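Student: Structure provided below as structure tokens; questions to follow.
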Amino acid sequence: LTIASSDKFGIIKLLVDKPFKAREMLKQSGFTVALTEVVVVEISSIPAGLKDITEFFLSRDINIDNAFGFSFGKDGRALVIIESEAIPEIKDLLVENNFRVLSDEQIYAL
């Protein structure tokens with residue numbers, strides 16, 4: 001869950017296990033809703049893993065529209081959720097370069 005606001009409106013971003021059902025429920029409740037494709041990458045730790053993935057995108061001149069993340073587990077692992085207009089290409093590049101990209105099923109199970 002992330003929240004951003006301005007004087008006139010707010011934006012709430014949710015990562016849910018049933019996006020189409022959630023969209024319909026929110027619409028029925030009067031919300032304006034859009035689905036956004038994301039890529040979720042597991043990194044080893046913060047700050048080292050965050051540095052690695054940031055340098056990866058920078059070295060390939062890949063534009064990221066938005067990103068947020070959270071840590072989990074006692075070993076310092078973290079997930080980075082990335083929004084970009086080039087999600088399919090980003091997923092392929094990350095996998096080719098040995099980053100752990102979560103599948104939809106893995107994301108929905110979080």
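Scheme for the structure tokens: letters A, B, ... for chains in order shown; per-chain residue numbers from 1; ligand numbers from 1 in order shown.
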Would you pick out the contacts of A:Lys18 at 12 Å or less, using only C-alpha atoms, so that residues sharing its chain but fewer than 6 positions from it are not included, and give the list as a ChimeraX atom specification?
Tutor: /A:24-25,35,104-105,107-110
Student: Selected residues, C-alpha atoms, written as a short mmCIF file (atom, residue, chain, number, x, y, z; two decimals), in the first residue's frame, please.
Tutor:
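Below is the file out.cif, written as the result:
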```
data_model
loop_
_atom_site.label_atom_id
_atom_site.label_comp_id
_atom_site.auth_asym_id
_atom_site.auth_seq_id
_atom_site.Cartn_x
_atom_site.Cartn_y
_atom_site.Cartn_z
CA GLU A 24 -14.42 -4.23 -9.82
CA MET A 25 -15.05 -3.96 -6.08
CA LEU A 35 -4.45 -1.50 -13.23
CA ASP A 104 2.42 -13.45 -10.78
CA GLU A 105 1.65 -16.50 -8.63
CA ILE A 107 3.43 -12.08 -6.03
CA TYR A 108 -0.18 -13.03 -5.29
CA ALA A 109 1.00 -15.42 -2.55
CA LEU A 110 2.78 -12.65 -0.61
#
```
Student: Enumerate as a PDB file with N, CA and C atoms, in the first residue's frame all residues of stretch 2-108 of chain A assigned to alpha helix (DSSP H) by DSSP on the backbone, naming them with the chain letters and numbers the document uses.
Tutor:
```pdb
ATOM      1  N   PRO A  19      -6.271  -8.876  -8.786  1.00  0.00           N
ATOM      2  CA  PRO A  19      -6.384  -7.496  -9.266  1.00  0.00           C
ATOM      3  C   PRO A  19      -7.691  -7.182  -9.985  1.00  0.00           C
ATOM      4  N   PHE A  20      -8.217  -8.091 -10.792  1.00  0.00           N
ATOM      5  CA  PHE A  20      -9.439  -7.788 -11.539  1.00  0.00           C
ATOM      6  C   PHE A  20     -10.649  -7.732 -10.611  1.00  0.00           C
ATOM      7  N   LYS A  21     -10.690  -8.618  -9.643  1.00  0.00           N
ATOM      8  CA  LYS A  21     -11.770  -8.592  -8.653  1.00  0.00           C
ATOM      9  C   LYS A  21     -11.675  -7.325  -7.800  1.00  0.00           C
ATOM     10  N   ALA A  22     -10.463  -6.976  -7.383  1.00  0.00           N
ATOM     11  CA  ALA A  22     -10.272  -5.763  -6.582  1.00  0.00           C
ATOM     12  C   ALA A  22     -10.691  -4.526  -7.365  1.00  0.00           C
ATOM     13  N   ARG A  23     -10.343  -4.492  -8.662  1.00  0.00           N
ATOM     14  CA  ARG A  23     -10.731  -3.348  -9.494  1.00  0.00           C
ATOM     15  C   ARG A  23     -12.243  -3.203  -9.527  1.00  0.00           C
ATOM     16  N   GLU A  24     -12.955  -4.296  -9.745  1.00  0.00           N
ATOM     17  CA  GLU A  24     -14.419  -4.228  -9.820  1.00  0.00           C
ATOM     18  C   GLU A  24     -15.031  -3.806  -8.493  1.00  0.00           C
ATOM     19  N   MET A  25     -14.519  -4.329  -7.402  1.00  0.00           N
ATOM     20  CA  MET A  25     -15.050  -3.964  -6.082  1.00  0.00           C
ATOM     21  C   MET A  25     -14.819  -2.485  -5.789  1.00  0.00           C
ATOM     22  N   LEU A  26     -13.639  -1.988  -6.127  1.00  0.00           N
ATOM     23  CA  LEU A  26     -13.345  -0.574  -5.893  1.00  0.00           C
ATOM     24  C   LEU A  26     -14.200   0.321  -6.778  1.00  0.00           C
ATOM     25  N   LYS A  27     -14.386  -0.073  -8.046  1.00  0.00           N
ATOM     26  CA  LYS A  27     -15.253   0.700  -8.945  1.00  0.00           C
ATOM     27  C   LYS A  27     -16.672   0.754  -8.409  1.00  0.00           C
ATOM     28  N   GLN A  28     -17.173  -0.381  -7.934  1.00  0.00           N
ATOM     29  CA  GLN A  28     -18.528  -0.429  -7.382  1.00  0.00           C
ATOM     30  C   GLN A  28     -18.665   0.454  -6.146  1.00  0.00           C
ATOM     31  N   ALA A  48      22.791  -2.833   0.036  1.00  0.00           N
ATOM     32  CA  ALA A  48      23.614  -3.411  -1.040  1.00  0.00           C
ATOM     33  C   ALA A  48      22.793  -3.854  -2.240  1.00  0.00           C
ATOM     34  N   GLY A  49      21.707  -4.584  -2.025  1.00  0.00           N
ATOM     35  CA  GLY A  49      20.876  -5.051  -3.132  1.00  0.00           C
ATOM     36  C   GLY A  49      20.211  -3.909  -3.864  1.00  0.00           C
ATOM     37  N   LEU A  50      19.815  -2.886  -3.123  1.00  0.00           N
ATOM     38  CA  LEU A  50      19.206  -1.705  -3.740  1.00  0.00           C
ATOM     39  C   LEU A  50      20.223  -0.989  -4.619  1.00  0.00           C
ATOM     40  N   LYS A  51      21.462  -0.917  -4.149  1.00  0.00           N
ATOM     41  CA  LYS A  51      22.530  -0.312  -4.948  1.00  0.00           C
ATOM     42  C   LYS A  51      22.741  -1.100  -6.239  1.00  0.00           C
ATOM     43  N   ASP A  52      22.756  -2.429  -6.141  1.00  0.00           N
ATOM     44  CA  ASP A  52      22.967  -3.277  -7.326  1.00  0.00           C
ATOM     45  C   ASP A  52      21.884  -3.063  -8.378  1.00  0.00           C
ATOM     46  N   ILE A  53      20.628  -3.069  -7.962  1.00  0.00           N
ATOM     47  CA  ILE A  53      19.551  -2.946  -8.944  1.00  0.00           C
ATOM     48  C   ILE A  53      19.484  -1.528  -9.503  1.00  0.00           C
ATOM     49  N   THR A  54      19.805  -0.540  -8.679  1.00  0.00           N
ATOM     50  CA  THR A  54      19.828   0.846  -9.163  1.00  0.00           C
ATOM     51  C   THR A  54      20.925   1.018 -10.210  1.00  0.00           C
ATOM     52  N   GLU A  55      22.102   0.487  -9.936  1.00  0.00           N
ATOM     53  CA  GLU A  55      23.203   0.566 -10.904  1.00  0.00           C
ATOM     54  C   GLU A  55      22.872  -0.201 -12.182  1.00  0.00           C
ATOM     55  N   PHE A  56      22.166  -1.324 -12.060  1.00  0.00           N
ATOM     56  CA  PHE A  56      21.752  -2.107 -13.221  1.00  0.00           C
ATOM     57  C   PHE A  56      20.888  -1.258 -14.152  1.00  0.00           C
ATOM     58  N   PHE A  57      19.876  -0.596 -13.591  1.00  0.00           N
ATOM     59  CA  PHE A  57      18.990   0.237 -14.417  1.00  0.00           C
ATOM     60  C   PHE A  57      19.734   1.438 -14.990  1.00  0.00           C
ATOM     61  N   LEU A  58      20.566   2.064 -14.190  1.00  0.00           N
ATOM     62  CA  LEU A  58      21.320   3.233 -14.640  1.00  0.00           C
ATOM     63  C   LEU A  58      22.265   2.874 -15.785  1.00  0.00           C
ATOM     64  N   SER A  59      22.957   1.756 -15.681  1.00  0.00           N
ATOM     65  CA  SER A  59      23.930   1.373 -16.710  1.00  0.00           C
ATOM     66  C   SER A  59      23.268   1.024 -18.044  1.00  0.00           C
ATOM     67  N   ILE A  87       7.914  -2.799 -18.953  1.00  0.00           N
ATOM     68  CA  ILE A  87       7.936  -3.949 -18.045  1.00  0.00           C
ATOM     69  C   ILE A  87       8.376  -5.252 -18.720  1.00  0.00           C
ATOM     70  N   PRO A  88       7.836  -5.644 -19.881  1.00  0.00           N
ATOM     71  CA  PRO A  88       8.290  -6.917 -20.474  1.00  0.00           C
ATOM     72  C   PRO A  88       9.799  -6.949 -20.747  1.00  0.00           C
ATOM     73  N   GLU A  89      10.336  -5.858 -21.266  1.00  0.00           N
ATOM     74  CA  GLU A  89      11.776  -5.790 -21.541  1.00  0.00           C
ATOM     75  C   GLU A  89      12.581  -5.824 -20.243  1.00  0.00           C
ATOM     76  N   ILE A  90      12.098  -5.116 -19.235  1.00  0.00           N
ATOM     77  CA  ILE A  90      12.795  -5.088 -17.948  1.00  0.00           C
ATOM     78  C   ILE A  90      12.828  -6.483 -17.334  1.00  0.00           C
ATOM     79  N   LYS A  91      11.701  -7.190 -17.370  1.00  0.00           N
ATOM     80  CA  LYS A  91      11.661  -8.555 -16.819  1.00  0.00           C
ATOM     81  C   LYS A  91      12.702  -9.436 -17.502  1.00  0.00           C
ATOM     82  N   ASP A  92      12.734  -9.393 -18.828  1.00  0.00           N
ATOM     83  CA  ASP A  92      13.695 -10.215 -19.577  1.00  0.00           C
ATOM     84  C   ASP A  92      15.133  -9.878 -19.197  1.00  0.00           C
ATOM     85  N   LEU A  93      15.457  -8.591 -19.149  1.00  0.00           N
ATOM     86  CA  LEU A  93      16.818  -8.169 -18.801  1.00  0.00           C
ATOM     87  C   LEU A  93      17.202  -8.602 -17.392  1.00  0.00           C
ATOM     88  N   LEU A  94      16.276  -8.453 -16.455  1.00  0.00           N
ATOM     89  CA  LEU A  94      16.573  -8.843 -15.077  1.00  0.00           C
ATOM     90  C   LEU A  94      16.853 -10.338 -14.975  1.00  0.00           C
ATOM     91  N   VAL A  95      16.023 -11.149 -15.612  1.00  0.00           N
ATOM     92  CA  VAL A  95      16.218 -12.604 -15.580  1.00  0.00           C
ATOM     93  C   VAL A  95      17.542 -12.980 -16.244  1.00  0.00           C
ATOM     94  N   GLU A  96      17.835 -12.378 -17.406  1.00  0.00           N
ATOM     95  CA  GLU A  96      19.092 -12.657 -18.116  1.00  0.00           C
ATOM     96  C   GLU A  96      20.315 -12.307 -17.275  1.00  0.00           C
ATOM     97  N   ASP A 104       3.694 -13.937 -11.294  1.00  0.00           N
ATOM     98  CA  ASP A 104       2.415 -13.448 -10.780  1.00  0.00           C
ATOM     99  C   ASP A 104       1.960 -14.293  -9.595  1.00  0.00           C
ATOM    100  N   GLU A 105       2.082 -15.606  -9.705  1.00  0.00           N
ATOM    101  CA  GLU A 105       1.652 -16.499  -8.630  1.00  0.00           C
ATOM    102  C   GLU A 105       2.436 -16.241  -7.346  1.00  0.00           C
ATOM    103  N   GLN A 106       3.729 -16.006  -7.468  1.00  0.00           N
ATOM    104  CA  GLN A 106       4.546 -15.709  -6.290  1.00  0.00           C
ATOM    105  C   GLN A 106       4.157 -14.367  -5.679  1.00  0.00           C
ATOM    106  N   ILE A 107       3.851 -13.397  -6.521  1.00  0.00           N
ATOM    107  CA  ILE A 107       3.434 -12.082  -6.025  1.00  0.00           C
ATOM    108  C   ILE A 107       2.110 -12.207  -5.292  1.00  0.00           C
ATOM    109  N   TYR A 108       1.150 -12.906  -5.895  1.00  0.00           N
ATOM    110  CA  TYR A 108      -0.176 -13.034  -5.292  1.00  0.00           C
ATOM    111  C   TYR A 108      -0.134 -13.800  -3.974  1.00  0.00           C
TER     112      TYR A 108
END
```
Student: Choose the residue, out of A:Gly10, A:Ile46, A:Thr36, A:Leu79, that has the smallest atom-to-atom separation from A:Asp65; count only C-alpha atoms.
Tutor: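 With only C-alpha atoms as the atom set, the closest residue is A:Thr36.
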Student: Can you tell me which residues surround A:Ser71 at a distance of at most 9 Å, considering only C-alpha atoms, apart from same-chain residues fewer than 5 positions away, and format the answer as a PyMOL selection string?
Tutor: chain A and resi 45-46+76-80
Student: Could you take the residues named above and write them with C-alpha atoms, as a PDB file, in the first residue's frame?
Tutor:
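Saved the output as result_32.pdb:
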```
ATOM      1  CA  SER A  45      19.601  -6.772   1.214  1.00  0.00           C
ATOM      2  CA  ILE A  46      19.204  -3.083   1.732  1.00  0.00           C
ATOM      3  CA  GLY A  76      17.618  -8.805   5.214  1.00  0.00           C
ATOM      4  CA  ARG A  77      16.077  -9.775   1.875  1.00  0.00           C
ATOM      5  CA  ALA A  78      13.772  -7.238   0.281  1.00  0.00           C
ATOM      6  CA  LEU A  79      11.312  -6.888  -2.569  1.00  0.00           C
ATOM      7  CA  VAL A  80      11.351  -3.965  -4.976  1.00  0.00           C
TER       8      VAL A  80
END
```
